[in-house]
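Student: File follows, protein_16.pdb with PDB, C-alpha atoms:
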```
MODEL        1
ATOM      1  CA  MET A   1      40.475   6.482  64.636
ATOM      2  CA  SER A   2      43.943   7.000  63.254
ATOM      3  CA  SER A   3      45.102  10.242  61.724
ATOM      4  CA  SER A   4      47.556   9.368  58.991
ATOM      5  CA  THR A   5      50.596  11.502  58.217
ATOM      6  CA  THR A   6      48.786  13.073  55.260
ATOM      7  CA  ALA A   7      45.637  14.771  56.569
ATOM      8  CA  SER A   8      42.493  14.936  54.493
ATOM      9  CA  ALA A   9      41.959  18.046  52.375
ATOM     10  CA  GLY A  10      41.450  21.089  54.571
ATOM     11  CA  THR A  11      42.057  19.204  57.817
ATOM     12  CA  PRO A  12      45.395  19.807  59.542
ATOM     13  CA  PRO A  13      47.077  16.830  61.191
ATOM     14  CA  PRO A  14      46.764  16.572  64.983
ATOM     15  CA  PRO A  15      49.544  18.189  67.035
ATOM     16  CA  TRP A  16      51.374  14.911  67.681
ATOM     17  CA  ARG A  17      51.672  14.159  63.939
ATOM     18  CA  ARG A  18      52.898  17.571  62.773
ATOM     19  CA  ALA A  19      56.441  18.461  61.850
ATOM     20  CA  ARG A  20      58.389  19.680  64.852
ATOM     21  CA  PRO A  21      58.738  23.477  65.067
ATOM     22  CA  THR A  22      62.148  24.918  64.266
ATOM     23  CA  SER A  23      61.808  28.282  65.995
ATOM     24  CA  PHE A  24      60.311  29.456  69.288
ATOM     25  CA  PRO A  25      60.162  33.283  69.204
ATOM     26  CA  GLY A  26      60.738  34.749  72.637
ATOM     27  CA  MET A  27      60.751  31.322  74.319
ATOM     28  CA  PRO A  28      63.275  28.641  75.251
ATOM     29  CA  ALA A  29      63.281  25.777  72.741
ATOM     30  CA  TRP A  30      60.233  23.464  72.921
ATOM     31  CA  GLY A  31      58.291  26.024  74.975
ATOM     32  CA  GLN A  32      54.995  27.736  74.140
ATOM     33  CA  ALA A  33      53.975  31.339  74.823
ATOM     34  CA  THR A  34      50.644  30.424  76.379
ATOM     35  CA  SER A  35      50.100  33.915  77.823
ATOM     36  CA  ARG A  36      49.989  35.306  74.289
ATOM     37  CA  LEU A  37      48.883  32.377  72.155
ATOM     38  CA  GLY A  38      46.742  30.387  74.547
ATOM     39  CA  VAL A  39      46.699  26.600  74.715
ATOM     40  CA  GLU A  40      45.688  24.638  71.638
ATOM     41  CA  ALA A  41      42.524  22.565  71.928
ATOM     42  CA  PHE A  42      42.745  18.817  71.351
ATOM     43  CA  GLU A  43      40.550  15.762  71.784
ATOM     44  CA  VAL A  44      40.727  13.871  75.080
ATOM     45  CA  SER A  45      39.581  10.386  76.118
ATOM     46  CA  ARG A  46      38.868  10.897  79.821
ATOM     47  CA  HIS A  47      39.315   8.142  82.364
ATOM     48  CA  GLY A  48      36.332   6.993  84.342
ATOM     49  CA  GLU A  49      36.225   4.191  86.869
ATOM     50  CA  ILE A  50      38.478   1.901  84.860
ATOM     51  CA  ASP A  51      37.624  -1.760  84.584
ATOM     52  CA  ARG A  52      37.364  -4.089  81.619
ATOM     53  CA  GLU A  53      33.863  -2.970  80.756
ATOM     54  CA  TRP A  54      35.013   0.644  80.617
ATOM     55  CA  ALA A  55      38.201  -0.293  78.768
ATOM     56  CA  TRP A  56      36.796  -2.326  75.897
ATOM     57  CA  GLY A  57      33.251  -3.485  76.625
ATOM     58  CA  GLY A  58      31.308  -3.671  73.345
ATOM     59  CA  SER A  59      34.380  -2.877  71.228
ATOM     60  CA  ASP A  60      35.394  -4.814  68.115
ATOM     61  CA  GLY A  61      38.487  -2.834  67.084
ATOM     62  CA  SER A  62      36.738  -0.851  64.361
ATOM     63  CA  GLY A  63      38.532   2.288  63.225
ATOM     64  CA  VAL A  64      41.927   1.115  64.509
ATOM     65  CA  ARG A  65      44.836   0.549  62.112
ATOM     66  CA  VAL A  66      47.267  -2.220  63.099
ATOM     67  CA  CYS A  67      50.546  -3.066  61.366
ATOM     68  CA  VAL A  68      52.174  -6.493  61.699
ATOM     69  CA  ILE A  69      55.925  -6.270  61.028
ATOM     70  CA  ASP A  70      57.031  -9.848  60.528
ATOM     71  CA  THR A  71      57.452 -12.580  57.884
ATOM     72  CA  GLY A  72      54.468 -11.431  55.836
ATOM     73  CA  VAL A  73      50.852 -12.527  56.269
ATOM     74  CA  ASP A  74      48.756 -14.984  54.270
ATOM     75  CA  GLY A  75      45.884 -12.637  53.554
ATOM     76  CA  THR A  76      43.710 -15.453  52.201
ATOM     77  CA  HIS A  77      43.663 -17.397  55.459
ATOM     78  CA  PRO A  78      40.128 -17.445  56.912
ATOM     79  CA  LEU A  79      41.436 -16.629  60.401
ATOM     80  CA  VAL A  80      43.155 -13.517  59.060
ATOM     81  CA  GLY A  81      40.145 -12.260  57.127
ATOM     82  CA  GLY A  82      42.011 -10.166  54.586
ATOM     83  CA  LEU A  83      44.503  -7.321  54.728
ATOM     84  CA  ALA A  84      44.223  -3.627  53.994
ATOM     85  CA  ARG A  85      47.681  -3.779  52.442
ATOM     86  CA  SER A  86      50.673  -6.093  52.127
ATOM     87  CA  LEU A  87      54.227  -4.776  51.740
ATOM     88  CA  VAL A  88      57.803  -6.030  51.782
ATOM     89  CA  VAL A  89      61.164  -4.385  52.423
ATOM     90  CA  VAL A  90      63.551  -4.920  49.527
ATOM     91  CA  GLN A  91      67.229  -4.076  49.774
ATOM     92  CA  GLY A  92      70.638  -4.784  48.383
ATOM     93  CA  GLU A  93      73.290  -7.078  49.811
ATOM     94  CA  ALA A  94      72.809  -7.395  53.570
ATOM     95  CA  ARG A  95      73.123  -9.836  56.448
ATOM     96  CA  THR A  96      69.940 -11.753  57.153
ATOM     97  CA  ASP A  97      70.690 -13.025  60.656
ATOM     98  CA  GLU A  98      70.549  -9.792  62.642
ATOM     99  CA  VAL A  99      66.853  -9.939  63.609
ATOM    100  CA  ILE A 100      64.934 -13.039  64.691
ATOM    101  CA  ALA A 101      61.329 -13.926  65.418
ATOM    102  CA  ASP A 102      60.747 -14.483  69.131
ATOM    103  CA  THR A 103      59.244 -17.958  69.112
ATOM    104  CA  ALA A 104      60.129 -20.939  71.230
ATOM    105  CA  MET A 105      60.425 -23.097  68.134
ATOM    106  CA  THR A 106      63.501 -21.106  67.101
ATOM    107  CA  ALA A 107      64.808 -20.132  70.492
ATOM    108  CA  THR A 108      67.491 -22.818  70.564
ATOM    109  CA  THR A 109      68.952 -21.580  67.288
ATOM    110  CA  ALA A 110      68.686 -17.857  67.929
ATOM    111  CA  ARG A 111      72.038 -16.292  67.128
ATOM    112  CA  THR A 112      73.887 -13.337  68.555
ATOM    113  CA  THR A 113      75.940 -12.494  65.505
ATOM    114  CA  SER A 114      79.372 -10.963  65.647
ATOM    115  CA  GLY A 115      80.304  -7.604  64.264
ATOM    116  CA  THR A 116      80.819  -4.048  65.439
ATOM    117  CA  GLY A 117      80.253  -0.575  64.130
ATOM    118  CA  PRO A 118      77.136   1.337  63.144
ATOM    119  CA  PRO A 119      74.293  -0.242  61.176
ATOM    120  CA  ARG A 120      75.044  -0.382  57.475
ATOM    121  CA  ALA A 121      72.939   1.879  55.277
ATOM    122  CA  GLU A 122      71.974  -0.597  52.597
ATOM    123  CA  ALA A 123      69.410   0.894  50.247
ATOM    124  CA  ALA A 124      65.994  -0.308  51.339
ATOM    125  CA  ALA A 125      62.542   0.341  49.931
ATOM    126  CA  VAL A 126      59.088  -0.632  51.157
ATOM    127  CA  ILE A 127      56.919  -1.772  48.251
ATOM    128  CA  ASP A 128      53.562  -3.465  47.810
ATOM    129  CA  CYS A 129      53.527  -7.241  47.396
ATOM    130  CA  GLU A 130      51.196 -10.213  47.337
ATOM    131  CA  PRO A 131      49.726 -11.117  50.756
ATOM    132  CA  THR A 132      51.861 -14.213  51.294
ATOM    133  CA  ASP A 133      53.927 -15.615  54.146
ATOM    134  CA  PRO A 134      56.734 -18.088  53.379
ATOM    135  CA  ALA A 135      57.258 -18.923  57.053
ATOM    136  CA  GLY A 136      53.907 -18.734  58.857
ATOM    137  CA  HIS A 137      55.014 -16.621  61.782
ATOM    138  CA  GLY A 138      53.379 -13.369  60.659
ATOM    139  CA  THR A 139      50.178 -15.178  59.697
ATOM    140  CA  ALA A 140      49.988 -16.644  63.203
ATOM    141  CA  CYS A 141      50.370 -13.193  64.790
ATOM    142  CA  ALA A 142      47.806 -11.591  62.465
ATOM    143  CA  GLY A 143      45.283 -14.349  63.152
ATOM    144  CA  ILE A 144      45.561 -13.793  66.902
ATOM    145  CA  ILE A 145      44.988 -10.055  66.513
ATOM    146  CA  ARG A 146      41.988 -10.690  64.256
ATOM    147  CA  SER A 147      40.482 -13.155  66.747
ATOM    148  CA  ILE A 148      40.486 -10.484  69.465
ATOM    149  CA  ALA A 149      39.766  -7.344  67.420
ATOM    150  CA  PRO A 150      37.801  -8.642  64.404
ATOM    151  CA  ALA A 151      37.047  -5.209  62.924
ATOM    152  CA  ALA A 152      40.548  -3.748  63.165
ATOM    153  CA  GLU A 153      42.315  -2.936  59.902
ATOM    154  CA  LEU A 154      45.424  -5.094  59.403
ATOM    155  CA  THR A 155      48.465  -4.277  57.271
ATOM    156  CA  SER A 156      51.479  -6.559  56.826
ATOM    157  CA  VAL A 157      55.091  -5.432  56.364
ATOM    158  CA  ARG A 158      57.527  -8.267  55.670
ATOM    159  CA  VAL A 159      61.023  -7.645  57.085
ATOM    160  CA  LEU A 160      62.102 -11.214  57.930
ATOM    161  CA  THR A 161      63.543 -12.574  54.730
ATOM    162  CA  ASP A 162      64.432 -16.238  55.095
ATOM    163  CA  GLY A 163      61.666 -17.544  57.293
ATOM    164  CA  ARG A 164      62.377 -16.224  60.751
ATOM    165  CA  SER A 165      65.412 -13.954  60.466
ATOM    166  CA  GLY A 166      66.348 -10.816  58.597
ATOM    167  CA  SER A 167      68.600  -7.781  58.476
ATOM    168  CA  GLY A 168      68.590  -4.898  60.883
ATOM    169  CA  ALA A 169      68.398  -2.487  57.957
ATOM    170  CA  ALA A 170      65.141  -4.113  56.813
ATOM    171  CA  LEU A 171      63.649  -3.842  60.303
ATOM    172  CA  LEU A 172      64.594  -0.168  60.535
ATOM    173  CA  ALA A 173      63.143   0.549  57.093
ATOM    174  CA  GLY A 174      59.909  -1.342  57.749
ATOM    175  CA  LEU A 175      59.369   0.129  61.197
ATOM    176  CA  GLY A 176      60.235   3.629  59.995
ATOM    177  CA  TRP A 177      57.675   3.310  57.194
ATOM    178  CA  ALA A 178      54.985   2.108  59.605
ATOM    179  CA  VAL A 179      55.624   4.945  62.048
ATOM    180  CA  ASP A 180      55.451   7.495  59.218
ATOM    181  CA  GLU A 181      52.162   5.971  58.058
ATOM    182  CA  GLY A 182      50.607   6.703  61.450
ATOM    183  CA  PHE A 183      49.369   3.263  62.474
ATOM    184  CA  ASP A 184      47.677   3.145  65.859
ATOM    185  CA  VAL A 185      49.393  -0.081  66.972
ATOM    186  CA  ILE A 186      52.414  -1.901  65.540
ATOM    187  CA  ASN A 187      53.039  -5.535  66.485
ATOM    188  CA  LEU A 188      56.724  -6.536  66.728
ATOM    189  CA  SER A 189      57.087 -10.230  67.510
ATOM    190  CA  LEU A 190      60.805 -10.067  66.795
ATOM    191  CA  SER A 191      63.976  -8.602  68.237
ATOM    192  CA  THR A 192      67.692  -8.129  67.652
ATOM    193  CA  THR A 193      70.623  -8.694  69.987
ATOM    194  CA  ARG A 194      72.913  -6.514  67.862
ATOM    195  CA  HIS A 195      73.844  -3.516  70.010
ATOM    196  CA  GLU A 196      74.502  -1.265  67.010
ATOM    197  CA  PHE A 197      70.760  -1.284  66.299
ATOM    198  CA  GLN A 198      69.807  -0.222  69.824
ATOM    199  CA  GLY A 199      70.175   3.497  69.134
ATOM    200  CA  PRO A 200      68.301   3.649  65.797
ATOM    201  CA  LEU A 201      65.510   1.444  67.159
ATOM    202  CA  GLN A 202      65.258   3.564  70.298
ATOM    203  CA  GLU A 203      64.893   6.677  68.156
ATOM    204  CA  LEU A 204      62.100   5.053  66.143
ATOM    205  CA  ALA A 205      60.344   3.805  69.289
ATOM    206  CA  ASP A 206      60.437   7.278  70.825
ATOM    207  CA  ARG A 207      59.239   8.849  67.585
ATOM    208  CA  ALA A 208      56.321   6.416  67.479
ATOM    209  CA  TYR A 209      55.466   7.199  71.100
ATOM    210  CA  PHE A 210      55.292  10.943  70.485
ATOM    211  CA  ARG A 211      53.208  10.382  67.335
ATOM    212  CA  ARG A 212      50.731   8.245  69.318
ATOM    213  CA  THR A 213      51.691   5.006  67.636
ATOM    214  CA  MET A 214      51.933   2.217  70.215
ATOM    215  CA  LEU A 215      54.609  -0.417  69.658
ATOM    216  CA  VAL A 216      53.821  -3.815  71.196
ATOM    217  CA  ALA A 217      56.994  -5.908  71.324
ATOM    218  CA  ALA A 218      57.580  -9.543  72.250
ATOM    219  CA  ALA A 219      60.249 -10.339  74.801
ATOM    220  CA  HIS A 220      63.095 -12.611  73.720
ATOM    221  CA  ASN A 221      62.548 -16.287  74.519
ATOM    222  CA  MET A 222      66.038 -16.589  75.963
ATOM    223  CA  PRO A 223      67.477 -14.654  78.935
ATOM    224  CA  VAL A 224      69.429 -12.217  76.778
ATOM    225  CA  VAL A 225      69.253  -8.490  76.169
ATOM    226  CA  SER A 226      67.606  -7.647  72.866
ATOM    227  CA  TYR A 227      65.677  -4.792  71.302
ATOM    228  CA  PRO A 228      63.132  -3.182  71.016
ATOM    229  CA  TRP A 229      61.161  -4.944  73.772
ATOM    230  CA  THR A 230      63.452  -3.590  76.516
ATOM    231  CA  PHE A 231      62.584   0.042  75.710
ATOM    232  CA  SER A 232      60.274   1.828  78.154
ATOM    233  CA  SER A 233      58.411   3.552  75.296
ATOM    234  CA  VAL A 234      56.994   0.235  74.044
ATOM    235  CA  ILE A 235      54.613  -2.284  75.603
ATOM    236  CA  SER A 236      56.715  -5.377  76.297
ATOM    237  CA  VAL A 237      55.038  -8.772  76.503
ATOM    238  CA  ALA A 238      56.060 -12.248  77.656
ATOM    239  CA  SER A 239      53.971 -15.415  78.039
ATOM    240  CA  HIS A 240      51.738 -17.025  80.595
ATOM    241  CA  ASP A 241      50.510 -20.616  80.265
ATOM    242  CA  GLU A 242      46.747 -20.194  80.631
ATOM    243  CA  ASN A 243      44.186 -20.655  77.850
ATOM    244  CA  ASP A 244      41.939 -17.595  77.941
ATOM    245  CA  PRO A 245      43.036 -15.149  75.195
ATOM    246  CA  LEU A 246      41.770 -12.156  77.196
ATOM    247  CA  THR A 247      43.503 -13.139  80.437
ATOM    248  CA  TYR A 248      46.652 -11.102  80.930
ATOM    249  CA  TYR A 249      48.680  -9.992  83.922
ATOM    250  CA  TYR A 250      50.735  -6.973  84.841
ATOM    251  CA  ASN A 251      54.295  -7.989  85.668
ATOM    252  CA  PRO A 252      55.590  -6.023  88.679
ATOM    253  CA  ALA A 253      59.152  -7.138  87.841
ATOM    254  CA  PRO A 254      59.891  -5.703  84.370
ATOM    255  CA  PRO A 255      61.388  -5.373  81.772
ATOM    256  CA  ALA A 256      58.521  -7.529  80.422
ATOM    257  CA  GLU A 257      55.533  -5.437  81.515
ATOM    258  CA  PHE A 258      52.683  -7.847  80.782
ATOM    259  CA  HIS A 259      52.125 -11.590  80.513
ATOM    260  CA  ALA A 260      49.625 -12.864  77.941
ATOM    261  CA  ARG A 261      48.757 -16.247  76.455
ATOM    262  CA  GLY A 262      51.828 -17.703  74.755
ATOM    263  CA  VAL A 263      51.946 -21.460  75.413
ATOM    264  CA  ARG A 264      50.424 -23.954  72.971
ATOM    265  CA  VAL A 265      48.452 -21.194  71.304
ATOM    266  CA  PRO A 266      46.175 -22.267  68.416
ATOM    267  CA  VAL A 267      47.324 -20.126  65.480
ATOM    268  CA  ALA A 268      46.653 -19.649  61.791
ATOM    269  CA  TRP A 269      49.262 -21.101  59.434
ATOM    270  CA  PRO A 270      49.735 -20.604  55.667
ATOM    271  CA  GLY A 271      47.669 -22.769  53.376
ATOM    272  CA  GLY A 272      44.564 -22.466  55.542
ATOM    273  CA  ARG A 273      46.077 -24.638  58.258
ATOM    274  CA  ARG A 274      45.927 -24.260  62.028
ATOM    275  CA  ILE A 275      48.636 -25.399  64.420
ATOM    276  CA  ARG A 276      49.595 -24.900  68.060
ATOM    277  CA  SER A 277      52.759 -22.993  68.816
ATOM    278  CA  THR A 278      54.572 -21.536  71.819
ATOM    279  CA  GLY A 279      56.555 -18.348  72.228
ATOM    280  CA  ASN A 280      56.482 -14.753  73.362
ATOM    281  CA  SER A 281      55.822 -13.945  69.697
ATOM    282  CA  PHE A 282      52.275 -15.160  70.216
ATOM    283  CA  ALA A 283      51.782 -13.414  73.560
ATOM    284  CA  ALA A 284      52.435  -9.986  72.033
ATOM    285  CA  PRO A 285      49.585 -10.057  69.470
ATOM    286  CA  HIS A 286      47.106 -10.850  72.252
ATOM    287  CA  ILE A 287      48.028  -7.509  73.826
ATOM    288  CA  THR A 288      48.045  -5.845  70.407
ATOM    289  CA  GLY A 289      44.472  -7.029  69.878
ATOM    290  CA  ILE A 290      43.408  -5.770  73.306
ATOM    291  CA  CYS A 291      45.030  -2.405  72.569
ATOM    292  CA  ALA A 292      42.975  -2.236  69.363
ATOM    293  CA  LEU A 293      39.798  -2.870  71.354
ATOM    294  CA  ILE A 294      40.652  -0.130  73.838
ATOM    295  CA  LEU A 295      41.591   2.438  71.176
ATOM    296  CA  SER A 296      38.457   1.674  69.193
ATOM    297  CA  LYS A 297      36.364   2.669  72.208
ATOM    298  CA  HIS A 298      38.671   5.465  73.446
ATOM    299  CA  PRO A 299      40.367   6.832  70.318
ATOM    300  CA  TRP A 300      42.153   9.783  71.895
ATOM    301  CA  LEU A 301      44.133   7.916  74.525
ATOM    302  CA  THR A 302      47.804   8.782  74.538
ATOM    303  CA  PRO A 303      50.380   5.952  74.701
ATOM    304  CA  PHE A 304      50.953   6.511  78.433
ATOM    305  CA  GLN A 305      47.196   6.511  79.052
ATOM    306  CA  LEU A 306      46.822   3.312  77.022
ATOM    307  CA  LYS A 307      49.522   1.625  79.064
ATOM    308  CA  SER A 308      47.812   2.791  82.261
ATOM    309  CA  VAL A 309      44.469   1.374  81.095
ATOM    310  CA  LEU A 310      46.156  -1.951  80.309
ATOM    311  CA  PHE A 311      47.628  -1.946  83.811
ATOM    312  CA  LEU A 312      44.323  -1.110  85.517
ATOM    313  CA  ALA A 313      42.407  -3.737  83.519
ATOM    314  CA  ALA A 314      44.956  -6.535  84.049
ATOM    315  CA  ASN A 315      43.552  -9.605  85.809
ATOM    316  CA  ASN A 316      45.859  -9.310  88.801
ATOM    317  CA  VAL A 317      45.014  -5.607  89.247
ATOM    318  CA  THR A 318      41.225  -5.686  88.799
ATOM    319  CA  GLU A 319      40.914  -8.507  91.365
ATOM    320  CA  ASP A 320      41.667  -6.126  94.242
ATOM    321  CA  PRO A 321      41.862  -2.521  93.029
ATOM    322  CA  GLY A 322      43.636  -0.289  95.476
ATOM    323  CA  GLY A 323      44.941  -3.181  97.549
ATOM    324  CA  ILE A 324      47.707  -5.758  97.359
ATOM    325  CA  ASN A 325      47.219  -7.557  94.074
ATOM    326  CA  GLY A 326      47.919 -11.108  93.079
ATOM    327  CA  ARG A 327      46.318 -14.403  92.171
ATOM    328  CA  THR A 328      43.360 -15.374  94.339
TER     329      THR A 328
ENDMDL
END
```
Output the file's structure as structure tokens, nothing else.
Tutor:
Amino acid sequence: MSSSTTASAGTPPPPWRRARPTSFPGMPAWGQATSRLGVEAFEVSRHGEIDREWAWGGSDGSGVRVCVIDTGVDGTHPLVGGLARSLVVVQGEARTDEVIADTAMTATTARTTSGTGPPRAEAAAVIDCEPTDPAGHGTACAGIIRSIAPAAELTSVRVLTDGRSGSGAALLAGLGWAVDEGFDVINLSLSTTRHEFQGPLQELADRAYFRRTMLVAAAHNMPVVSYPWTFSSVISVASHDENDPLTYYYNPAPPAEFHARGVRVPVAWPGGRRIRSTGNSFAAPHITGICALILSKHPWLTPFQLKSVLFLAANNVTEDPGGINGRT
């Protein structure tokens, strides 16, 4: 369902993927002279009576492009089922402890590194690579997404360089590339506590939002402020401790907006292995997979509509629609 940045021959890109206009004759900036030019037509996915059957009943994720920005993905693992593409961010000399994977197994060693000033502009390039994962974390996330949305197209971008940490410059380069490529959903089971990356990440998150690319971000496993999961333009996810992969709850006390399965989750691991692991990293791809199901069935939903559908289909909302919701 995705419209990539480069439209097919003769087909213009949709309005939300076009270059921003630079002039607005006779109008204040960002306005449109609708009395003279009319209103441009665009596709709409209309809401009906929203429940889980409406949201994703019969969907398998087909037509939806998902990017996993992480440690890489073992594309040969049977639970991953192959990748459309595998890429890695390569760069010059840079710190590799500015971004960490949000898993419980590394939570006790997660570092808030020192340093001030703006992010360094190390040269970074996103290039194709073999579909491998030296750490396992990205493979685990991709396997979860595949288990929920088996027909979704998966692409891997490796930004975590030494297992479960990496540079902020690599994250910015990888995320920027994915947003430009027009993926429908981007899974970010990682975060940074470095405040100098807040602004650039916020800009990328907002750009993705307006281009109808939904960022699904894992909350930090420790009670600290980190990014990008605390941005309102992303879908932020923390864990619950139940076993059903499609059970998720709306959290009425953000910043984590939803709770999904994240405790002792059976996950794919490099070398064809399977292990159980815990962390918000593994809650996020459950929501990413559900988003792929929804967008496969309703391809023209905007990011704010998608978030609304997730809310209305959450287990603690569908139990008593229109009333006071909670566990029963």
Student: Using only C-alpha atoms, what residues lie at most 9 Å away from (47.5, -9.1, 68.2) (file coordinates), given as a short mmCIF file (atom, residue, chain, number, x, y, z; two decimals) with C-alpha atoms, in the coordinates of the input?
Tutor:
```cif
data_model
loop_
_atom_site.label_atom_id
_atom_site.label_comp_id
_atom_site.auth_asym_id
_atom_site.auth_seq_id
_atom_site.Cartn_x
_atom_site.Cartn_y
_atom_site.Cartn_z
CA VAL A 66 47.27 -2.22 63.10
CA VAL A 68 52.17 -6.49 61.70
CA CYS A 141 50.37 -13.19 64.79
CA ALA A 142 47.81 -11.59 62.46
CA GLY A 143 45.28 -14.35 63.15
CA ILE A 144 45.56 -13.79 66.90
CA ILE A 145 44.99 -10.06 66.51
CA ARG A 146 41.99 -10.69 64.26
CA SER A 147 40.48 -13.16 66.75
CA ILE A 148 40.49 -10.48 69.46
CA ALA A 149 39.77 -7.34 67.42
CA ASN A 187 53.04 -5.54 66.48
CA VAL A 216 53.82 -3.82 71.20
CA PHE A 282 52.28 -15.16 70.22
CA ALA A 283 51.78 -13.41 73.56
CA ALA A 284 52.44 -9.99 72.03
CA PRO A 285 49.58 -10.06 69.47
CA HIS A 286 47.11 -10.85 72.25
CA ILE A 287 48.03 -7.51 73.83
CA THR A 288 48.04 -5.84 70.41
CA GLY A 289 44.47 -7.03 69.88
CA ILE A 290 43.41 -5.77 73.31
CA CYS A 291 45.03 -2.40 72.57
CA ALA A 292 42.98 -2.24 69.36
#
```
Student: Name the closest residue to Val263 in chain A among the candidates A:Leu37, A:Leu293, A:Ala152, A:Ala238; distances are taken between atoms, counting only C-alpha atoms.
Tutor: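 So, comparing all the options, the nearest one is A:Ala238.
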Student: Please report the interatomic distance between CA of Ser308 in chain A and CA of Asp206 in chain A in Å with one decimal.
Tutor: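 Answer for the CA of Ser308 in chain A to CA of Asp206 in chain A separation: 17.6 Å.
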Student: Quick check on the file I pasted: which residues fall under the PyMOL selection byres ((chain A and resi 67) around 12)? Write them as a ChimeraX atom specification.
Tutor: /A:64-66,68-70,72-73,83-87,138,141-142,145-146,152-158,174-189,213-216,285,288-289,292
Student: Report, in Å to a single decimal, how far apart CA of Thr278 in chain A and CA of Pro200 in chain A are.
Tutor: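 Taking CA of Pro200 in chain A and CA of Thr278 in chain A, their separation equals 29.3 Å.
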Student: Evaluate the PyMOL selection byres ((chain A and resi 231-234) around 8) here and jot the selected residues down as a short mmCIF file (atom, residue, chain, number, x, y, z; two decimals) with C-alpha atoms, keeping the file's coordinate frame.
Tutor:
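For reference, part38.cif as written:
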```cif
data_model
loop_
_atom_site.label_atom_id
_atom_site.label_comp_id
_atom_site.auth_asym_id
_atom_site.auth_seq_id
_atom_site.Cartn_x
_atom_site.Cartn_y
_atom_site.Cartn_z
CA GLN A 202 65.26 3.56 70.30
CA ALA A 205 60.34 3.80 69.29
CA ASP A 206 60.44 7.28 70.82
CA TYR A 209 55.47 7.20 71.10
CA MET A 214 51.93 2.22 70.22
CA LEU A 215 54.61 -0.42 69.66
CA VAL A 216 53.82 -3.82 71.20
CA ALA A 217 56.99 -5.91 71.32
CA TYR A 227 65.68 -4.79 71.30
CA PRO A 228 63.13 -3.18 71.02
CA TRP A 229 61.16 -4.94 73.77
CA THR A 230 63.45 -3.59 76.52
CA ILE A 235 54.61 -2.28 75.60
CA SER A 236 56.72 -5.38 76.30
#
```
Student: What is the distance, in Å and to one decimal place, between CA of Ser281 in chain A and CA of Ala123 in chain A?
Tutor: 28.0 Å
Student: Suppose a student applies the PyMOL selection byres ((chain A and resi 242-250) around 10) to this structure; what residues should they get, written as a count of residues only?
Tutor: 40
Student: In terms of the shortest atom-to-atom distance over all atoms listed in the file, which of A:Gly10, A:Leu160, A:Gly136, A:Ala151 is closest to His77 in chain A?
Tutor: A:Gly136
